[in-house]
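Chemist: See target16.csv below, with CSV, N, CA and C atoms and all ligand atoms.
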```csv
chain,number,residue,atom,x,y,z
A,21,MET,N,-84.8,-28.0,-100.6
A,21,MET,CA,-83.8,-29.0,-100.7
A,21,MET,C,-84.4,-30.4,-101.0
A,22,ASN,N,-83.8,-31.1,-102.0
A,22,ASN,CA,-84.4,-32.4,-102.4
A,22,ASN,C,-84.1,-33.4,-101.3
A,23,ALA,N,-85.0,-34.4,-101.2
A,23,ALA,CA,-84.8,-35.5,-100.3
A,23,ALA,C,-83.6,-36.3,-100.8
A,24,ALA,N,-83.0,-37.0,-99.9
A,24,ALA,CA,-81.8,-37.8,-100.2
A,24,ALA,C,-82.3,-39.0,-101.1
A,25,PRO,N,-81.5,-39.3,-102.1
A,25,PRO,CA,-81.9,-40.4,-103.0
A,25,PRO,C,-81.7,-41.8,-102.3
A,26,SER,N,-82.3,-42.8,-102.8
A,26,SER,CA,-82.2,-44.1,-102.3
A,26,SER,C,-80.7,-44.5,-102.3
A,27,PRO,N,-80.2,-45.2,-101.3
A,27,PRO,CA,-78.8,-45.6,-101.3
A,27,PRO,C,-78.6,-46.6,-102.5
A,28,TRP,N,-79.6,-47.3,-102.9
A,28,TRP,CA,-79.4,-48.2,-104.0
A,28,TRP,C,-79.2,-47.4,-105.3
A,29,ALA,N,-80.0,-46.4,-105.5
A,29,ALA,CA,-79.9,-45.6,-106.7
A,29,ALA,C,-78.6,-44.8,-106.7
A,30,ALA,N,-78.3,-44.2,-105.6
A,30,ALA,CA,-77.1,-43.4,-105.6
A,30,ALA,C,-75.8,-44.3,-105.7
A,31,GLY,N,-75.8,-45.4,-105.0
A,31,GLY,CA,-74.7,-46.3,-105.0
A,31,GLY,C,-74.4,-46.9,-106.4
A,32,LEU,N,-75.4,-47.5,-106.9
A,32,LEU,CA,-75.3,-48.2,-108.2
A,32,LEU,C,-75.0,-47.2,-109.4
A,33,GLN,N,-75.3,-46.0,-109.2
A,33,GLN,CA,-75.0,-45.0,-110.3
A,33,GLN,C,-73.7,-44.2,-110.0
A,34,LEU,N,-73.0,-44.6,-108.9
A,34,LEU,CA,-71.8,-44.0,-108.5
A,34,LEU,C,-72.0,-42.5,-108.2
A,35,ARG,N,-73.1,-42.2,-107.6
A,35,ARG,CA,-73.5,-40.8,-107.3
A,35,ARG,C,-73.4,-40.5,-105.8
A,36,CYS,N,-73.4,-39.2,-105.5
A,36,CYS,CA,-73.4,-38.7,-104.1
A,36,CYS,C,-74.6,-39.3,-103.3
A,37,PRO,N,-74.4,-39.8,-102.1
A,37,PRO,CA,-75.5,-40.3,-101.4
A,37,PRO,C,-76.4,-39.2,-100.8
A,38,GLN,N,-75.9,-38.0,-100.8
A,38,GLN,CA,-76.8,-36.9,-100.2
A,38,GLN,C,-77.6,-36.3,-101.3
A,39,CYS,N,-77.1,-36.0,-102.5
A,39,CYS,CA,-77.8,-35.3,-103.5
A,39,CYS,C,-78.2,-36.2,-104.7
A,40,GLY,N,-77.4,-37.2,-104.9
A,40,GLY,CA,-77.7,-38.2,-106.0
A,40,GLY,C,-77.2,-37.6,-107.3
A,41,LYS,N,-76.5,-36.5,-107.3
A,41,LYS,CA,-76.0,-35.9,-108.6
A,41,LYS,C,-74.5,-36.0,-108.8
A,42,GLY,N,-73.8,-35.6,-107.8
A,42,GLY,CA,-72.3,-35.5,-108.0
A,42,GLY,C,-71.7,-36.8,-108.0
A,43,ALA,N,-70.6,-37.0,-108.7
A,43,ALA,CA,-69.9,-38.2,-108.8
A,43,ALA,C,-69.2,-38.5,-107.4
A,44,VAL,N,-69.2,-39.7,-107.0
A,44,VAL,CA,-68.6,-40.1,-105.7
A,44,VAL,C,-67.1,-40.4,-105.8
A,45,PHE,N,-66.7,-40.8,-107.0
A,45,PHE,CA,-65.3,-41.2,-107.2
A,45,PHE,C,-64.6,-40.2,-108.1
A,46,GLN,N,-63.3,-40.0,-107.8
A,46,GLN,CA,-62.4,-39.4,-108.8
A,46,GLN,C,-61.4,-40.5,-109.2
A,47,GLY,N,-61.5,-40.9,-110.4
A,47,GLY,CA,-60.7,-42.0,-110.8
A,47,GLY,C,-61.5,-43.3,-110.6
A,48,TYR,N,-60.8,-44.4,-110.5
A,48,TYR,CA,-61.5,-45.7,-110.5
A,48,TYR,C,-62.2,-46.0,-109.2
A,49,LEU,N,-61.4,-46.0,-108.1
A,49,LEU,CA,-62.0,-46.3,-106.8
A,49,LEU,C,-61.7,-45.3,-105.7
A,50,LYS,N,-61.1,-44.2,-106.0
A,50,LYS,CA,-60.8,-43.2,-105.0
A,50,LYS,C,-61.9,-42.2,-104.8
A,51,PHE,N,-62.4,-42.1,-103.5
A,51,PHE,CA,-63.5,-41.2,-103.2
A,51,PHE,C,-63.0,-39.8,-103.4
A,52,ARG,N,-63.9,-38.9,-103.8
A,52,ARG,CA,-63.6,-37.5,-103.8
A,52,ARG,C,-63.6,-37.0,-102.4
A,53,ASP,N,-62.9,-35.8,-102.2
A,53,ASP,CA,-63.0,-35.2,-100.8
A,53,ASP,C,-64.4,-34.7,-100.5
A,54,ALA,N,-65.1,-34.2,-101.5
A,54,ALA,CA,-66.4,-33.7,-101.3
A,54,ALA,C,-67.2,-33.7,-102.6
A,55,CYS,N,-68.5,-33.7,-102.5
A,55,CYS,CA,-69.4,-33.7,-103.6
A,55,CYS,C,-69.2,-32.4,-104.3
A,56,ARG,N,-69.1,-32.4,-105.7
A,56,ARG,CA,-69.0,-31.1,-106.4
A,56,ARG,C,-70.3,-30.4,-106.6
A,57,VAL,N,-71.4,-31.1,-106.3
A,57,VAL,CA,-72.7,-30.5,-106.5
A,57,VAL,C,-73.2,-29.9,-105.2
A,58,CYS,N,-73.3,-30.7,-104.1
A,58,CYS,CA,-73.9,-30.3,-102.9
A,58,CYS,C,-72.8,-30.0,-101.8
A,59,GLY,N,-71.6,-30.4,-102.0
A,59,GLY,CA,-70.5,-30.1,-101.0
A,59,GLY,C,-70.5,-31.1,-99.9
A,60,ALA,N,-71.2,-32.2,-99.9
A,60,ALA,CA,-71.1,-33.2,-98.9
A,60,ALA,C,-69.7,-33.7,-98.7
A,61,ASP,N,-69.3,-33.8,-97.5
A,61,ASP,CA,-67.9,-34.2,-97.1
A,61,ASP,C,-67.7,-35.7,-97.2
A,62,PHE,N,-66.9,-36.1,-98.1
A,62,PHE,CA,-66.6,-37.6,-98.2
A,62,PHE,C,-65.3,-38.0,-97.6
A,63,LYS,N,-64.7,-37.1,-96.8
A,63,LYS,CA,-63.3,-37.4,-96.3
A,63,LYS,C,-63.4,-38.6,-95.3
A,64,ALA,N,-64.5,-38.9,-94.7
A,64,ALA,CA,-64.6,-40.0,-93.7
A,64,ALA,C,-65.0,-41.3,-94.5
A,65,ALA,N,-65.2,-41.2,-95.8
A,65,ALA,CA,-65.7,-42.4,-96.5
A,65,ALA,C,-64.7,-43.5,-96.4
A,66,ASP,N,-65.2,-44.6,-95.9
A,66,ASP,CA,-64.3,-45.8,-95.8
A,66,ASP,C,-65.2,-47.0,-95.8
A,67,ALA,N,-65.2,-47.7,-97.0
A,67,ALA,CA,-66.1,-48.9,-97.1
A,67,ALA,C,-65.3,-50.1,-96.6
A,68,GLY,N,-64.0,-49.9,-96.4
A,68,GLY,CA,-63.2,-51.1,-95.9
A,68,GLY,C,-63.1,-52.2,-96.9
A,69,ASP,N,-63.1,-53.4,-96.3
A,69,ASP,CA,-63.1,-54.6,-97.2
A,69,ASP,C,-64.4,-55.1,-97.6
A,70,GLY,N,-65.5,-54.4,-97.2
A,70,GLY,CA,-66.8,-54.9,-97.5
A,70,GLY,C,-67.1,-55.1,-99.0
A,71,PRO,N,-66.8,-54.1,-99.9
A,71,PRO,CA,-67.1,-54.2,-101.3
A,71,PRO,C,-66.4,-55.5,-101.9
A,72,ALA,N,-65.1,-55.7,-101.5
A,72,ALA,CA,-64.4,-56.8,-102.1
A,72,ALA,C,-65.0,-58.2,-101.6
A,73,VAL,N,-65.5,-58.2,-100.4
A,73,VAL,CA,-66.2,-59.5,-100.0
A,73,VAL,C,-67.4,-59.7,-100.8
A,74,PHE,N,-68.3,-58.7,-101.0
A,74,PHE,CA,-69.5,-58.9,-101.8
A,74,PHE,C,-69.2,-59.2,-103.2
A,75,VAL,N,-68.2,-58.6,-103.8
A,75,VAL,CA,-67.8,-58.9,-105.2
A,75,VAL,C,-67.3,-60.3,-105.3
A,76,ILE,N,-66.5,-60.8,-104.3
A,76,ILE,CA,-66.0,-62.1,-104.4
A,76,ILE,C,-67.2,-63.1,-104.4
A,77,LEU,N,-68.2,-62.9,-103.5
A,77,LEU,CA,-69.3,-63.7,-103.4
A,77,LEU,C,-70.1,-63.8,-104.7
A,78,VAL,N,-70.4,-62.6,-105.2
A,78,VAL,CA,-71.2,-62.5,-106.5
A,78,VAL,C,-70.5,-63.1,-107.7
A,79,VAL,N,-69.2,-62.7,-107.8
A,79,VAL,CA,-68.4,-63.2,-109.0
A,79,VAL,C,-68.2,-64.7,-108.9
A,80,GLY,N,-68.0,-65.2,-107.7
A,80,GLY,CA,-67.8,-66.6,-107.5
A,80,GLY,C,-69.1,-67.4,-107.9
A,81,ALA,N,-70.2,-66.8,-107.5
A,81,ALA,CA,-71.5,-67.5,-107.9
A,81,ALA,C,-71.7,-67.5,-109.4
A,82,ILE,N,-71.1,-66.5,-110.1
A,82,ILE,CA,-71.3,-66.5,-111.5
A,82,ILE,C,-70.2,-67.4,-112.2
A,83,ILE,N,-69.0,-67.3,-111.7
A,83,ILE,CA,-67.8,-68.0,-112.4
A,83,ILE,C,-67.8,-69.5,-112.2
A,84,ALA,N,-68.2,-70.0,-111.0
A,84,ALA,CA,-68.2,-71.4,-110.7
A,84,ALA,C,-69.1,-72.2,-111.7
A,85,PRO,N,-70.3,-71.8,-111.8
A,85,PRO,CA,-71.2,-72.5,-112.8
A,85,PRO,C,-70.7,-72.3,-114.2
A,86,LEU,N,-70.1,-71.1,-114.5
A,86,LEU,CA,-69.6,-70.9,-115.9
A,86,LEU,C,-68.5,-71.9,-116.2
A,87,LEU,N,-67.6,-72.1,-115.2
A,87,LEU,CA,-66.5,-73.1,-115.5
A,87,LEU,C,-67.1,-74.5,-115.6
A,88,ILE,N,-68.0,-74.8,-114.9
A,88,ILE,CA,-68.6,-76.2,-115.0
A,88,ILE,C,-69.3,-76.3,-116.3
A,89,ILE,N,-70.0,-75.3,-116.8
A,89,ILE,CA,-70.7,-75.4,-118.1
A,89,ILE,C,-69.7,-75.5,-119.2
A,90,LEU,N,-68.6,-74.6,-119.1
A,90,LEU,CA,-67.7,-74.6,-120.2
A,90,LEU,C,-66.9,-76.0,-120.3
A,91,GLN,N,-66.5,-76.5,-119.2
A,91,GLN,CA,-65.7,-77.7,-119.2
A,91,GLN,C,-66.5,-79.0,-119.4
A,92,PHE,N,-67.6,-79.1,-118.7
A,92,PHE,CA,-68.4,-80.3,-118.8
A,92,PHE,C,-69.6,-80.2,-119.7
A,93,GLY,N,-70.2,-79.1,-119.8
A,93,GLY,CA,-71.4,-78.9,-120.7
A,93,GLY,C,-71.0,-78.8,-122.1
A,94,LEU,N,-70.0,-77.9,-122.4
A,94,LEU,CA,-69.6,-77.7,-123.8
A,94,LEU,C,-68.3,-78.5,-124.1
A,95,ASP,N,-67.8,-79.2,-123.1
A,95,ASP,CA,-66.7,-80.1,-123.3
A,95,ASP,C,-65.4,-79.4,-123.9
A,96,LEU,N,-65.2,-78.2,-123.4
A,96,LEU,CA,-64.0,-77.5,-123.8
A,96,LEU,C,-62.8,-78.1,-123.1
A,97,PRO,N,-61.6,-78.0,-123.7
A,97,PRO,CA,-60.4,-78.4,-123.0
A,97,PRO,C,-60.3,-77.6,-121.7
A,98,GLY,N,-59.7,-78.3,-120.7
A,98,GLY,CA,-59.6,-77.7,-119.3
A,98,GLY,C,-58.9,-76.3,-119.4
A,99,TRP,N,-57.7,-76.3,-120.1
A,99,TRP,CA,-57.0,-75.0,-120.1
A,99,TRP,C,-57.8,-73.9,-120.7
A,100,LEU,N,-58.6,-74.2,-121.8
A,100,LEU,CA,-59.4,-73.1,-122.4
A,100,LEU,C,-60.5,-72.7,-121.5
A,101,ALA,N,-61.2,-73.6,-120.9
A,101,ALA,CA,-62.3,-73.3,-119.9
A,101,ALA,C,-61.8,-72.4,-118.8
A,102,LEU,N,-60.6,-72.8,-118.3
A,102,LEU,CA,-60.0,-72.1,-117.1
A,102,LEU,C,-59.6,-70.7,-117.6
A,103,THR,N,-59.0,-70.6,-118.8
A,103,THR,CA,-58.6,-69.3,-119.3
A,103,THR,C,-59.8,-68.4,-119.4
A,104,ILE,N,-60.8,-68.9,-120.0
A,104,ILE,CA,-62.0,-68.0,-120.2
A,104,ILE,C,-62.6,-67.6,-118.9
A,105,THR,N,-62.7,-68.5,-117.9
A,105,THR,CA,-63.3,-68.1,-116.7
A,105,THR,C,-62.4,-67.2,-115.9
A,106,MET,N,-61.1,-67.3,-116.0
A,106,MET,CA,-60.2,-66.4,-115.2
A,106,MET,C,-60.3,-65.0,-115.8
A,107,ILE,N,-60.4,-64.9,-117.1
A,107,ILE,CA,-60.5,-63.6,-117.7
A,107,ILE,C,-61.9,-63.0,-117.3
A,108,ALA,N,-62.9,-63.8,-117.4
A,108,ALA,CA,-64.2,-63.3,-117.0
A,108,ALA,C,-64.2,-62.9,-115.5
A,109,ALA,N,-63.6,-63.7,-114.6
A,109,ALA,CA,-63.5,-63.4,-113.2
A,109,ALA,C,-62.8,-62.0,-113.0
A,110,VAL,N,-61.7,-61.8,-113.6
A,110,VAL,CA,-61.0,-60.5,-113.5
A,110,VAL,C,-61.9,-59.4,-114.0
A,111,ALA,N,-62.5,-59.5,-115.2
A,111,ALA,CA,-63.3,-58.5,-115.8
A,111,ALA,C,-64.5,-58.2,-114.9
A,112,LEU,N,-65.2,-59.2,-114.4
A,112,LEU,CA,-66.3,-59.0,-113.5
A,112,LEU,C,-65.9,-58.3,-112.2
A,113,CYS,N,-64.8,-58.7,-111.6
A,113,CYS,CA,-64.4,-58.1,-110.4
A,113,CYS,C,-64.1,-56.6,-110.6
A,114,LEU,N,-63.4,-56.3,-111.7
A,114,LEU,CA,-63.1,-54.9,-112.0
A,114,LEU,C,-64.4,-54.1,-112.3
A,115,ALA,N,-65.4,-54.7,-112.9
A,115,ALA,CA,-66.6,-54.0,-113.2
A,115,ALA,C,-67.5,-53.8,-112.0
A,116,PHE,N,-67.5,-54.8,-111.1
A,116,PHE,CA,-68.4,-54.7,-109.9
A,116,PHE,C,-67.8,-53.9,-108.8
A,117,LEU,N,-66.5,-53.8,-108.7
A,117,LEU,CA,-66.0,-53.1,-107.5
A,117,LEU,C,-66.5,-51.6,-107.3
A,118,PRO,N,-66.5,-50.8,-108.3
A,118,PRO,CA,-66.9,-49.4,-108.1
A,118,PRO,C,-68.4,-49.3,-107.6
A,119,PRO,N,-69.3,-50.0,-108.3
A,119,PRO,CA,-70.7,-49.9,-107.8
A,119,PRO,C,-70.9,-50.5,-106.4
A,120,PHE,N,-70.2,-51.6,-106.1
A,120,PHE,CA,-70.4,-52.1,-104.7
A,120,PHE,C,-69.8,-51.2,-103.7
A,121,LYS,N,-68.6,-50.6,-104.0
A,121,LYS,CA,-68.0,-49.7,-103.1
A,121,LYS,C,-68.9,-48.4,-102.8
A,122,ALA,N,-69.4,-47.9,-103.9
A,122,ALA,CA,-70.3,-46.7,-103.8
A,122,ALA,C,-71.6,-47.1,-103.1
A,123,LEU,N,-72.1,-48.3,-103.3
A,123,LEU,CA,-73.3,-48.8,-102.7
A,123,LEU,C,-73.1,-48.9,-101.2
A,124,LEU,N,-72.0,-49.5,-100.7
A,124,LEU,CA,-71.8,-49.6,-99.3
A,124,LEU,C,-71.6,-48.2,-98.7
A,125,PHE,N,-70.9,-47.3,-99.4
A,125,PHE,CA,-70.7,-46.0,-98.9
A,125,PHE,C,-72.1,-45.3,-98.7
A,126,ALA,N,-72.9,-45.5,-99.7
A,126,ALA,CA,-74.3,-44.8,-99.6
A,126,ALA,C,-75.0,-45.3,-98.4
A,127,PHE,N,-74.9,-46.6,-98.1
A,127,PHE,CA,-75.6,-47.2,-96.9
A,127,PHE,C,-75.0,-46.7,-95.7
A,128,GLN,N,-73.6,-46.5,-95.7
A,128,GLN,CA,-73.0,-46.0,-94.5
A,128,GLN,C,-73.4,-44.5,-94.3
A,129,TRP,N,-73.6,-43.8,-95.4
A,129,TRP,CA,-74.0,-42.4,-95.3
A,129,TRP,C,-75.4,-42.3,-94.8
A,130,LYS,N,-76.3,-43.2,-95.3
A,130,LYS,CA,-77.7,-43.1,-94.9
A,130,LYS,C,-77.8,-43.5,-93.4
A,131,HIS,N,-77.1,-44.4,-92.9
A,131,HIS,CA,-77.2,-44.9,-91.5
A,131,HIS,C,-76.2,-44.2,-90.6
A,132,LYS,N,-75.5,-43.3,-91.1
A,132,LYS,CA,-74.5,-42.5,-90.4
A,132,LYS,C,-73.5,-43.5,-89.6
A,133,ALA,N,-73.1,-44.5,-90.3
A,133,ALA,CA,-72.2,-45.5,-89.7
A,133,ALA,C,-70.8,-44.9,-89.7
A,134,ARG,N,-70.1,-45.2,-88.7
A,134,ARG,CA,-68.7,-44.7,-88.5
A,134,ARG,C,-68.0,-45.6,-87.5
A,135,GLU,N,-66.7,-45.4,-87.5
A,135,GLU,CA,-65.9,-46.2,-86.5
A,135,GLU,C,-66.2,-45.7,-85.1
A,136,ALA,N,-66.4,-46.6,-84.2
A,136,ALA,CA,-66.7,-46.3,-82.8
A,136,ALA,C,-65.5,-45.6,-82.1
A,137,THR,N,-65.8,-44.7,-81.2
A,137,THR,CA,-64.7,-44.0,-80.5
A,137,THR,C,-65.0,-44.1,-79.0
A,138,LEU,N,-64.1,-43.7,-78.2
A,138,LEU,CA,-64.3,-43.8,-76.7
A,138,LEU,C,-65.4,-42.9,-76.3
A,139,ASP,N,-65.7,-41.8,-77.1
A,139,ASP,CA,-66.8,-40.9,-76.8
A,139,ASP,C,-68.2,-41.6,-76.9
A,140,ASP,N,-68.2,-42.8,-77.6
A,140,ASP,CA,-69.5,-43.5,-77.7
A,140,ASP,C,-69.8,-44.2,-76.4
A,141,ILE,N,-68.9,-44.4,-75.6
A,141,ILE,CA,-69.2,-45.2,-74.3
A,141,ILE,C,-69.8,-44.3,-73.3
A,142,GLU,N,-70.9,-44.7,-72.8
A,142,GLU,CA,-71.6,-43.8,-71.8
A,142,GLU,C,-71.2,-44.2,-70.4
A,201,ZN,ZN,-73.9,-34.3,-103.5
```
Would it be possible to restate this file's structure as structure tokens?
Ligand SMILES: [Zn+2]

Modeler:
Amino acid sequence: MNAAPSPWAAGLQLRCPQCGKGAVFQGYLKFRDACRVCGADFKAADAGDGPAVFVILVVGAIIAPLLIILQFGLDLPGWLALTITMIAAVALCLAFLPPFKALLFAFQWKHKAREATLDDIE
């Protein structure tokens, strides 16, 4: 059996965190029930709001300087600079969400993170 892939490699390639080969999503952001290659069970996969938070931080760090450059550096009209940055913001959010969600899931998988239950209390 092969060693588990790095969570970075598996997550950013949208691959199974156990084998690194099977696709982790069916569709845009919906996790598969299980890996088609190794059979790893993804039913408990839940990255929660984490991916959206990281995407907001990263996209905001890109979009804010872009807006400043377009409006004040290139002296574009405000409406045009705002339109360009809003389109870029939506496109970047849509592009970054799947890899961030798969990345957080891969780290959850590696560290066996899960919701706490009463059984965890000793
Ligand atoms: Zn797998």

Chemist: Provide the atom CA of Gly98 of chain A to atom CA of Ala115 of chain A distance in Å, to one decimal place.

Modeler: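 Atom-to-atom, atom CA of Gly98 of chain A and atom CA of Ala115 of chain A are spaced 25.5 Å apart.
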
Chemist: How many Å lie between atom CA of Thr105 of chain A and atom CA of Leu90 of chain A, rounded to one decimal?

Modeler: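 Computed distance, atom CA of Thr105 of chain A to atom CA of Leu90 of chain A, equals 8.6 Å.
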
Chemist: Within 8 Å of ligand ZN 201 (chain A), which residues show up when you count all atoms listed in the file? List them as a list in words, please.

Modeler: Arg35, Cys36, Pro37, Gln38, Cys39, Gly40, Lys41, Gly42, Ala43, Val44, Ala54, Cys55, Arg56, Val57, Cys58, Gly59, Ala60 and Asp61 of chain A

Chemist: Work out how far atom CA of Phe116 of chain A is from atom CA of Lys50 of chain A, in Å to one decimal.

Modeler: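 One can read the atom CA of Lys50 of chain A to atom CA of Phe116 of chain A distance as 14.6 Å.
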
Chemist: Which is closer to Lys121 of chain A than all the others in A:Ser26, A:Gln33, A:Thr103, A:Thr137, using only C-alpha atoms?

Modeler: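 Counting only C-alpha atoms, the residue closest to Lys121 of chain A is A:Gln33.
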
Chemist: Just list the residues in segment 64-118 of chain A DSSP gives helix (DSSP H, G or I) on the backbone, as a PyMOL selection string.

Modeler: chain A and resi 70-93+98-118

Chemist: Based on the backbone DSSP call, show me all residues of chain A assigned strand (DSSP E or B), as a list of chain:residue names.

Modeler: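 Here is the list: A:Arg35, A:Ala43, A:Phe45, A:Phe51, A:Ala54, A:Asp61.
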
Chemist: Just checking: using only C-alpha atoms, which residue out of A:Ala30, A:Ile88, A:Gly70, A:Leu49 ends up closest to Pro118 of chain A?

Modeler: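 Using only C-alpha atoms, the shortest distance to Pro118 of chain A belongs to A:Leu49.
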
Chemist: Can you tell me which residues surround segment 109-111 of chain A at a distance of at most 6.5 Å, considering only N, CA and C atoms, apart from same-chain residues fewer than 5 positions away, and format the answer as a VMD selection string?

Modeler: chain A and resid 79 83 104 116

Chemist: Name the closest residue to Ala126 of chain A among the candidates A:Trp28, A:Ile107, A:Ala23, A:Gln46; distances are taken between atoms, counting only N, CA and C atoms.

Modeler: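 So, comparing all the options, the nearest one is A:Trp28.
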